[in-house]
Structures are given as C-alpha cells and as structure tokens.
>>> print(open('data_7.txt').read())   # compact mmCIF, C-alpha atoms and all ligand atoms
# COMPACT_ATOMS: atom_id res chain seq x y z
CA MET A 1 11.92 98.84 4.75
CA ASN A 2 9.81 97.63 7.70
CA LYS A 3 10.35 98.80 11.26
CA GLY A 4 12.33 95.76 12.37
CA LEU A 5 14.71 96.01 9.45
CA LEU A 6 15.12 99.72 10.06
CA ARG A 7 16.12 99.12 13.67
CA LEU A 8 18.49 96.35 12.65
CA PHE A 9 20.07 98.66 10.10
CA SER A 10 20.48 101.45 12.68
CA LEU A 11 22.23 99.09 15.05
CA LEU A 12 24.56 97.89 12.36
CA VAL A 13 25.42 101.50 11.61
CA LEU A 14 26.21 102.03 15.28
CA CYS A 15 28.36 98.91 15.26
CA ALA A 16 30.29 100.23 12.30
CA MET A 17 30.91 103.59 13.91
CA LEU A 18 32.45 101.89 16.90
CA GLY A 19 34.63 99.62 14.89
CA GLY A 20 36.10 101.03 11.74
CA TYR A 21 37.66 98.57 9.39
CA VAL A 22 40.89 97.33 8.00
CA THR A 23 41.19 94.73 5.32
CA CYS A 24 43.57 91.86 5.80
CA ALA A 25 46.43 90.93 3.57
CA ASP A 26 46.33 87.65 1.66
CA GLU A 27 49.93 86.94 2.53
CA GLU A 28 48.98 86.64 6.18
CA MET A 29 47.01 83.49 5.45
CA PRO A 30 48.25 81.53 2.47
CA GLU A 31 45.70 78.72 2.76
CA ILE A 32 42.75 81.05 3.01
CA ILE A 33 41.11 83.05 0.23
CA TYR A 34 39.93 86.40 1.48
CA ILE A 35 36.68 87.60 -0.10
CA ASP A 36 36.24 91.34 0.23
CA LEU A 37 32.55 92.18 0.07
CA GLY A 38 33.10 95.89 0.41
CA ILE A 39 31.59 98.24 2.90
CA ILE A 40 28.04 98.60 4.12
CA PRO A 41 26.94 102.01 5.40
CA PRO A 42 28.40 103.97 6.86
CA ASN A 43 31.76 102.30 7.19
CA MET A 44 31.63 98.59 8.02
CA ASN A 45 33.77 96.21 6.03
CA VAL A 46 32.27 92.79 5.37
CA HIS A 47 34.16 89.71 4.31
CA SER A 48 33.97 85.98 3.93
CA TYR A 49 36.76 83.44 3.83
CA LEU A 50 37.24 80.45 1.56
CA VAL A 51 39.35 77.35 1.99
CA GLU A 52 39.96 74.88 -0.80
CA VAL A 53 38.72 71.38 -0.19
CA ASP A 54 38.51 68.37 -2.54
CA ASP A 55 37.04 69.81 -5.77
CA GLY A 56 35.56 72.91 -4.23
CA TYR A 57 35.57 75.25 -1.28
CA ILE A 58 34.43 75.80 2.26
CA ILE A 59 33.08 79.31 2.86
CA PHE A 60 32.80 81.00 6.23
CA ASP A 61 29.71 83.24 6.20
CA ALA A 62 27.62 84.31 3.24
CA GLY A 63 27.59 88.10 3.13
CA TYR A 64 24.90 90.75 2.94
CA ASP A 65 24.12 90.75 -0.78
CA LEU A 66 23.90 87.96 -3.30
CA ASN A 67 25.09 90.00 -6.29
CA VAL A 68 28.05 91.46 -4.39
CA MET A 69 29.10 87.96 -3.32
CA GLU A 70 28.79 86.56 -6.85
CA LYS A 71 30.91 89.38 -8.27
CA ALA A 72 33.55 89.01 -5.55
CA LEU A 73 33.82 85.27 -6.16
CA LEU A 74 34.00 85.66 -9.93
CA GLU A 75 36.84 88.15 -9.47
CA LYS A 76 38.72 85.26 -7.87
CA GLU A 77 37.56 82.99 -10.73
CA ILE A 78 35.45 80.94 -8.35
CA SER A 79 31.95 79.76 -9.25
CA PRO A 80 29.37 79.85 -6.42
CA LEU A 81 28.47 76.32 -7.53
CA ASP A 82 31.91 75.17 -6.41
CA ILE A 83 31.13 76.03 -2.80
CA GLN A 84 30.64 72.68 -1.08
CA TYR A 85 30.24 73.72 2.54
CA VAL A 86 28.91 76.92 4.10
CA LEU A 87 29.74 77.47 7.76
CA LEU A 88 27.62 80.19 9.30
CA THR A 89 28.86 81.98 12.39
CA HIS A 90 25.30 83.20 13.04
CA SER A 91 22.14 84.27 11.24
CA ASP A 92 22.26 88.09 11.03
CA TYR A 93 21.44 89.28 7.52
CA ASP A 94 25.00 90.37 6.70
CA HIS A 95 26.17 86.76 7.10
CA VAL A 96 23.44 84.84 5.25
CA ALA A 97 22.12 86.82 2.27
CA SER A 98 24.06 84.93 -0.40
CA LEU A 99 23.03 81.44 0.70
CA PRO A 100 20.80 80.90 -2.38
CA LEU A 101 23.90 81.26 -4.57
CA PHE A 102 25.43 78.13 -3.13
CA ALA A 103 23.08 75.59 -4.69
CA ASN A 104 25.50 72.69 -4.32
CA ALA A 105 26.54 73.41 -0.75
CA GLN A 106 25.72 71.84 2.55
CA ILE A 107 24.93 74.58 5.08
CA PHE A 108 26.08 74.31 8.71
CA MET A 109 24.97 76.37 11.68
CA SER A 110 24.80 76.00 15.45
CA GLU A 111 21.83 74.05 16.75
CA ASP A 112 21.19 77.03 19.06
CA GLU A 113 20.76 79.41 16.12
CA MET A 114 17.84 77.53 14.56
CA GLN A 115 15.44 79.30 16.94
CA MET A 116 16.49 82.58 15.31
CA VAL A 117 15.52 81.54 11.79
CA ASN A 118 12.49 79.30 12.29
CA GLY A 119 10.28 82.00 13.78
CA THR A 120 10.67 80.90 17.42
CA THR A 121 12.91 83.62 18.86
CA LYS A 122 13.22 87.26 17.89
CA ARG A 123 16.61 88.90 17.53
CA THR A 124 17.20 90.83 20.71
CA VAL A 125 19.68 93.43 21.88
CA GLU A 126 20.08 93.30 25.65
CA GLY A 127 16.69 91.68 25.99
CA ILE A 128 14.80 94.05 23.71
CA GLY A 129 13.09 92.12 20.93
CA LEU A 130 13.59 93.21 17.35
CA SER A 131 12.77 91.31 14.18
CA LEU A 132 13.13 87.65 13.26
CA ASN A 133 16.37 86.64 11.54
CA LEU A 134 14.67 84.91 8.62
CA LEU A 135 16.94 83.30 6.05
CA PRO A 136 16.46 83.91 2.31
CA ASP A 137 13.34 82.17 0.94
CA ASP A 138 15.19 79.57 -1.09
CA VAL A 139 16.91 78.09 1.96
CA ASN A 140 15.26 74.91 3.23
CA LEU A 141 15.69 74.88 7.01
CA ASP A 142 15.30 71.10 7.12
CA GLU A 143 18.46 70.74 5.06
CA ILE A 144 20.68 72.79 7.37
CA SER A 145 23.13 70.68 9.34
CA LEU A 146 23.04 71.67 13.00
CA LEU A 147 26.24 71.74 15.02
CA HIS A 148 26.97 71.24 18.70
CA ASN A 149 29.81 72.56 20.82
CA GLY A 150 33.07 70.70 20.30
CA GLN A 151 31.87 68.97 17.14
CA LEU A 152 34.59 68.14 14.65
CA LEU A 153 33.95 68.42 10.91
CA GLU A 154 36.26 66.65 8.51
CA PHE A 155 36.30 68.07 5.00
CA GLY A 156 39.00 66.49 2.83
CA GLU A 157 42.27 67.11 4.60
CA HIS A 158 40.83 69.84 6.81
CA ILE A 159 39.46 69.48 10.31
CA ILE A 160 37.21 72.14 11.78
CA GLU A 161 36.30 72.38 15.44
CA CYS A 162 33.00 74.09 16.28
CA ILE A 163 33.01 76.29 19.38
CA LYS A 164 29.83 77.79 20.79
CA VAL A 165 30.28 81.49 21.56
CA PRO A 166 26.79 82.77 22.48
CA GLY A 167 26.14 86.42 23.25
CA HIS A 168 25.94 88.34 19.99
CA THR A 169 23.19 85.85 19.13
CA PRO A 170 22.19 82.75 21.14
CA GLY A 171 23.72 80.40 18.58
CA SER A 172 26.85 82.24 17.56
CA MET A 173 29.56 79.76 16.63
CA ALA A 174 33.30 80.16 16.15
CA TYR A 175 35.35 77.71 14.10
CA VAL A 176 38.94 76.55 14.41
CA LEU A 177 40.43 75.29 11.16
CA ASP A 178 43.32 72.84 11.40
CA ASP A 179 44.25 74.09 14.89
CA LYS A 180 45.54 77.29 13.28
CA TYR A 181 42.84 79.62 12.07
CA LEU A 182 40.17 80.95 14.41
CA PHE A 183 37.05 82.34 12.69
CA THR A 184 35.11 84.46 15.14
CA GLY A 185 32.23 86.00 13.17
CA ASP A 186 30.73 88.75 15.34
CA ALA A 187 31.39 87.13 18.73
CA PHE A 188 33.29 90.28 19.63
CA ALA A 189 33.94 93.71 18.20
CA VAL A 190 37.42 95.22 18.03
CA GLU A 191 38.22 98.60 19.51
CA ASN A 192 41.80 99.83 19.53
CA ASP A 193 42.98 96.32 18.65
CA THR A 194 41.22 95.02 21.76
CA MET A 195 38.42 92.44 21.91
CA ALA A 196 35.24 94.21 22.97
CA ILE A 197 31.57 93.50 23.46
CA HIS A 198 29.72 93.89 20.19
CA PRO A 199 27.24 96.78 20.39
CA TYR A 200 24.52 94.57 18.99
CA THR A 201 24.54 91.81 21.59
CA SER A 202 21.61 89.69 22.75
CA ASP A 203 23.14 88.63 26.05
CA ILE A 204 26.03 90.66 27.50
CA LYS A 205 26.91 88.15 30.23
CA ALA A 206 27.09 85.30 27.74
CA ALA A 207 29.15 87.48 25.40
CA VAL A 208 31.70 88.23 28.12
CA ASN A 209 32.10 84.51 28.82
CA SER A 210 32.48 83.82 25.11
CA ILE A 211 35.10 86.55 24.69
CA THR A 212 37.07 85.08 27.59
CA LYS A 213 36.87 81.67 25.93
CA LEU A 214 38.00 83.19 22.63
CA ARG A 215 40.92 84.93 24.32
CA ASP A 216 42.26 81.52 25.33
CA LEU A 217 41.55 80.05 21.92
CA LYS A 218 43.23 82.91 20.07
CA ASN A 219 46.38 82.40 22.08
CA GLU A 220 46.50 78.83 20.78
CA SER A 221 45.87 79.94 17.19
CA GLU A 222 48.09 81.42 14.50
CA LEU A 223 45.55 83.85 13.11
CA VAL A 224 42.20 85.27 14.22
CA LEU A 225 39.78 86.04 11.39
CA THR A 226 36.83 88.30 12.09
CA ALA A 227 33.85 89.14 9.89
CA HIS A 228 34.16 92.92 10.01
CA TYR A 229 37.69 93.70 11.14
CA ARG A 230 41.07 92.66 9.91
CA SER A 231 42.78 89.39 10.71
CA TYR A 232 45.03 89.41 13.74
CA SER A 233 47.98 87.44 14.94
CA PRO A 234 47.28 86.52 18.60
CA LYS A 235 49.81 88.98 19.97
CA ASP A 236 48.24 91.88 18.07
CA LEU A 237 44.74 91.29 19.40
CA LYS A 238 44.51 92.37 23.00
CA TYR A 239 42.14 91.31 25.71
CA ASP A 240 41.09 93.66 28.45
CA ALA A 241 39.89 92.26 31.75
CA MET A 242 37.82 95.42 32.14
CA ILE A 243 35.77 94.42 29.14
CA LYS A 244 32.77 93.90 31.41
CA LEU A 245 32.63 97.63 31.97
CA GLN A 246 32.57 98.40 28.29
CA LYS A 247 29.46 98.55 26.20
ZN ZN A 301 28.00 90.98 11.10
>>> encode(input="data_7.txt", output="structure tokens")
Amino acid sequence: MNKGLLRLFSLLVLCAMLGGYVTCADEEMPEIIYIDLGIIPPNMNVHSYLVEVDDGYIIFDAGYDLNVMEKALLEKEISPLDIQYVLLTHSDYDHVASLPLFANAQIFMSEDEMQMVNGTTKRTVEGIGLSLNLLPDDVNLDEISLLHNGQLLEFGEHIIECIKVPGHTPGSMAYVLDDKYLFTGDAFAVENDTMAIHPYTSDIKAAVNSITKLRDLKNESELVLTAHYRSYSPKDLKYDAMIKLQK
C-alpha cells in the first residue's frame, strides 16, 4: 500500500470510529433495494441502493470491492450487467471500486468531481493534499456523463434531481429520487442521529453550507439514505445549528 492510500485508509478508519453503523430495513423503502456490502475496518458499514427501471436498475454508488459487490448483487439475484445507470455521489474509493462490473451502464457524476479523477486535483482534508482519487483502470473518463446542480434525469418512470453538496469532496452530489428519497453519500456524517461534518472533509465551510441545504431537503423528503449509516425518516435525523463548532 503506498503512502497516499495508507493515509486515506487511516482517515476512513477515523471516520468509522466516529460514526458506528446501523443497517436499514427493507420495509422502510419498498421501491429501493438495499445492497449491504458489509463492513470495512474497523467498523464502517458500506451500502449501495438500487432502483428498478425499465429492464434494469439504477445504482447509487459502487462500493469498495468488486467481488463483494458482485456477491451482494447475486444474493439478490441481480446481474451486474443489468445495471443501466450508476449515480456516483463522489469519487472516494469506497464508492467507485465496482464500476468495472457494470459494463452496460452509463456512469454519472458531478462535473465538479472530474478534477478528482483526471489527475488535476488531489484529495484534500482541510486543505492538506493526499492522493489522487483515480477510478479503476477500466473506466473511460470520456464516457462519464457529467452533471450540474439542479439537473433532472429521467429514467423510465423515475425522475432524479441532482443537488451539488460540496465539502466532503469538491464535486459531492446528492440525489432526490421522485421527490421522496434523498441519497446523501458522504455529504455529512451522523453522530447521535444528528447530521455532522464528515471527519474526512476537503472544505469545512462548503460542507456546513451543504449540510444546511440538506437539512431543508430532508424535511421535504420521506427518507434520507446515507452511504455509511442507516436510512432516516426526516424527523429522526436531527440538525444542530452548532454544527460549525463540531469537527
Ligand atoms: Zn464513503
């Protein structure tokens, strides 16, 4: 493991220690298939979410390990080749590693995240540069569809609104599915059921603004779906105005 990866790993460990994990129940979200990708050390749950569309699926985020993802999908009797659309919340390794599995899919990501994967901008935490967030080799960057804030995607009967939530990374993106489900990726951590600044954040000020934006969005949603914590109904996920003082 090179130095950059080692530092990234250490920060993810720290993130996990702050968060803990709880898996979410399928019955909370009947239209959404919950893909449990297990736990990465020491104690961070990772998951993706699928939504059926036309003859296949949309997937939100692509996990930390290709084999783990393949096994988790097969357990649900889903072939990776049936994934039609991949919506990335950002480009950290635990959200992109399985992309090569989805050979038939169109990949979407924020236009502001391209700098993280094309060698332009290093991953930073509070201004300190770490490694580049390179995508798996088989992914052709030219074929990634880049999204802007407020863009609407129409997949079959589903409509997805793309919301820029920079902070964790410059191009972090949240998605609202059918005005009901809010997918937040790592735009915030959760501590004591309260939205908090992720410990591995590029830009704290931007993250605070994004969390405030997400607070308003969550109150208009039916369910908030995070990448490493459980899913929350809006009333169960608190917002603390003192969040700026937290780290
Ligand atoms: Zn993550």
>>> residues_near_ligand(input="data_7.txt", ligand="ligand ZN 301 (chain A)", cutoff="7 Å", atoms="only C-alpha atoms and all ligand atoms", output="list in words")
Asp92, Asp94, His95, Gly185, Asp186, Ala227 and His228 of chain A
>>> closest_residue(input="data_7.txt", among="A:Asp61, A:Glu113, A:Glu126, A:Glu70", to="Leu88 of chain A", atoms="only C-alpha atoms")
A:Asp61
>>> closest_atom_pairs(input="data_7.txt", of="segment 78-112 of chain A", to="segment 135-147 of chain A", cutoff="9 Å", atoms="all atoms listed in the file", output="Markdown table")
| residue | atom | partner | partner_atom | distance |
| --- | --- | --- | --- | --- |
| A:Ser91 | CA | A:Leu135 | CA | 7.4 |
| A:Asp92 | CA | A:Leu135 | CA | 8.7 |
| A:Tyr93 | CA | A:Leu135 | CA | 7.6 |
| A:Val96 | CA | A:Leu135 | CA | 6.7 |
| A:Ala97 | CA | A:Pro136 | CA | 6.4 |
| A:Ser98 | CA | A:Pro136 | CA | 8.1 |
| A:Leu99 | CA | A:Val139 | CA | 7.1 |
| A:Pro100 | CA | A:Asp138 | CA | 5.9 |
| A:Gln106 | CA | A:Ile144 | CA | 7.0 |
| A:Ile107 | CA | A:Ile144 | CA | 5.1 |
| A:Phe108 | CA | A:Ser145 | CA | 4.7 |
| A:Met109 | CA | A:Leu146 | CA | 5.2 |
| A:Ser110 | CA | A:Leu147 | CA | 4.5 |
| A:Glu111 | CA | A:Leu146 | CA | 4.6 |
| A:Asp112 | CA | A:Leu146 | CA | 8.3 |
>>> closest_residue(input="data_7.txt", among="A:Thr226, A:Thr169, A:His148, A:Leu237", to="Leu132 of chain A", atoms="all atoms listed in the file")
A:Thr169
>>> atom_distance(input="data_7.txt", atom1="atom CA of Leu101 of chain A", atom2="atom CA of Pro80 of chain A")
5.9 Å
>>> closest_residue(input="data_7.txt", among="A:Leu37, A:Ile159, A:Leu214, A:Leu134", to="Val53 of chain A", atoms="all atoms listed in the file")
A:Ile159
>>> atom_distance(input="data_7.txt", atom1="atom CA of Ser202 of chain A", atom2="atom CA of Leu130 of chain A")
10.3 Å
>>> closest_residue(input="data_7.txt", among="A:Ile128, A:Ala196, A:Ile160, A:Ile78", to="Tyr181 of chain A", atoms="all atoms listed in the file")
A:Ile160
>>> atom_distance(input="data_7.txt", atom1="atom CA of Thr201 of chain A", atom2="atom CA of Thr124 of chain A")
7.5 Å
>>> residues_around(input="data_7.txt", residues="Tyr49 of chain A", least_positions_apart="3", cutoff="7 Å", atoms="only C-alpha atoms", output="mmCIF file with C-alpha atoms, in the frame of the given file")
data_model
loop_
_atom_site.group_PDB
_atom_site.id
_atom_site.type_symbol
_atom_site.label_atom_id
_atom_site.label_comp_id
_atom_site.auth_asym_id
_atom_site.auth_seq_id
_atom_site.Cartn_x
_atom_site.Cartn_y
_atom_site.Cartn_z
ATOM 1 C CA ILE A 32 42.750 81.050 3.010
ATOM 2 C CA ILE A 33 41.110 83.050 0.230
ATOM 3 C CA TYR A 34 39.930 86.400 1.480
ATOM 4 C CA ILE A 35 36.680 87.600 -0.100
ATOM 5 C CA ILE A 59 33.080 79.310 2.860
ATOM 6 C CA PHE A 60 32.800 81.000 6.230
#
>>> residues_around(input="data_7.txt", residues="Val208 of chain A", least_positions_apart="4", cutoff="10 Å", atoms="only C-alpha atoms", output="PDB file with C-alpha atoms, in the coordinates of the input")
ATOM      1  CA  VAL A 165      30.280  81.490  21.560  1.00  0.00           C
ATOM      2  CA  PRO A 166      26.790  82.770  22.480  1.00  0.00           C
ATOM      3  CA  GLY A 167      26.140  86.420  23.250  1.00  0.00           C
ATOM      4  CA  HIS A 168      25.940  88.340  19.990  1.00  0.00           C
ATOM      5  CA  ALA A 187      31.390  87.130  18.730  1.00  0.00           C
ATOM      6  CA  PHE A 188      33.290  90.280  19.630  1.00  0.00           C
ATOM      7  CA  ALA A 196      35.240  94.210  22.970  1.00  0.00           C
ATOM      8  CA  ILE A 197      31.570  93.500  23.460  1.00  0.00           C
ATOM      9  CA  HIS A 198      29.720  93.890  20.190  1.00  0.00           C
ATOM     10  CA  ASP A 203      23.140  88.630  26.050  1.00  0.00           C
ATOM     11  CA  ILE A 204      26.030  90.660  27.500  1.00  0.00           C
ATOM     12  CA  THR A 212      37.070  85.080  27.590  1.00  0.00           C
ATOM     13  CA  LYS A 213      36.870  81.670  25.930  1.00  0.00           C
ATOM     14  CA  LEU A 214      38.000  83.190  22.630  1.00  0.00           C
ATOM     15  CA  ALA A 241      39.890  92.260  31.750  1.00  0.00           C
ATOM     16  CA  ILE A 243      35.770  94.420  29.140  1.00  0.00           C
ATOM     17  CA  LYS A 244      32.770  93.900  31.410  1.00  0.00           C
TER      18      LYS A 244
END
